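S.K.: Got a structure for you, questions after.
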Amino acid sequence: MQESETAIKNFYNALKAVDYLSFKNEEITLSESILEKKETFIQSMNDDFNTAKAVAVMFDLAKLIKSTKEDISLRKEASKLLIELGGVLGFFKEIEATLSNDLGDLSEKLLNIIID
């Protein structure tokens, strides 16, 4: 449970770092490198729901999002994909409220997502 909470916080912190809410409605075309991550996620889920590998893809995206060495457009692409893939696993149901507020009450929200 602690690991799940840490993972979710990591994803939300990445989205906060790139200020996701400021561009969430922008139309963003995914580059080939980001599309490859999407394909890896899909293959993982098709492989008997290999969620560990799928979540690893999400961690890669979070790392890329937080990297200030990467171009902002690539970080935005990674953010959009992180939200999309997280949605498949039931994450980010209350993204706007969570990103707008402090992450302190994230534990309760995580428990509710897991219970649902």
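In the structure tokens, chains take letters A, B, ... by order of appearance, with residues numbered from 1 within each chain and ligands from 1 in the order shown.
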Hey, what's within 10 Å of A:Tyr12 if we count only C-alpha atoms and toss same-chain stuff fewer than 5 positions away? As a list in words, please?

M.R.: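 Those residues are Thr6, Ala7, Ala17, Tyr20, Ala62, Leu82, Ile83, Phe92, Ile95, Thr98, Leu99, Leu103 and Leu106 of chain A.
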
S.K.: Among stretch 1-112 of chain A, which ones does DSSP place in alpha helix (DSSP H), written as an MDAnalysis selection string?

M.R.: chainID A and resid 2:17 32:46 51:66 72:88 95:100 106:112

S.K.: Need the shell around A:Leu61: protein/DNA/RNA residues with any atom at most 7 Å away, counting only C-alpha atoms. Skip same-chain ones fewer than 4 positions apart. Format as a PyMOL selection string?

M.R.: chain A and resi 57+65+78+82

S.K.: At what distance in Å, to one decimal, does atom CA of A:Thr51 lie from atom CA of A:Gly86?

M.R.: 11.0 Å

S.K.: Which of these, A:Leu64, A:Leu30, A:Val18, A:Ile72, has the shortest distance to A:Glu84 once you count only C-alpha atoms?

M.R.: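 Going through A:Leu64, A:Leu30, A:Val18, A:Ile72 one by one, the smallest distance to A:Glu84 is for A:Leu30.
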
S.K.: Point out the residue among A:Val55, A:Ser33, A:Gly90, A:Ala97 with the least atom-to-atom distance to A:Leu74, counting only C-alpha atoms.

M.R.: A:Ser33
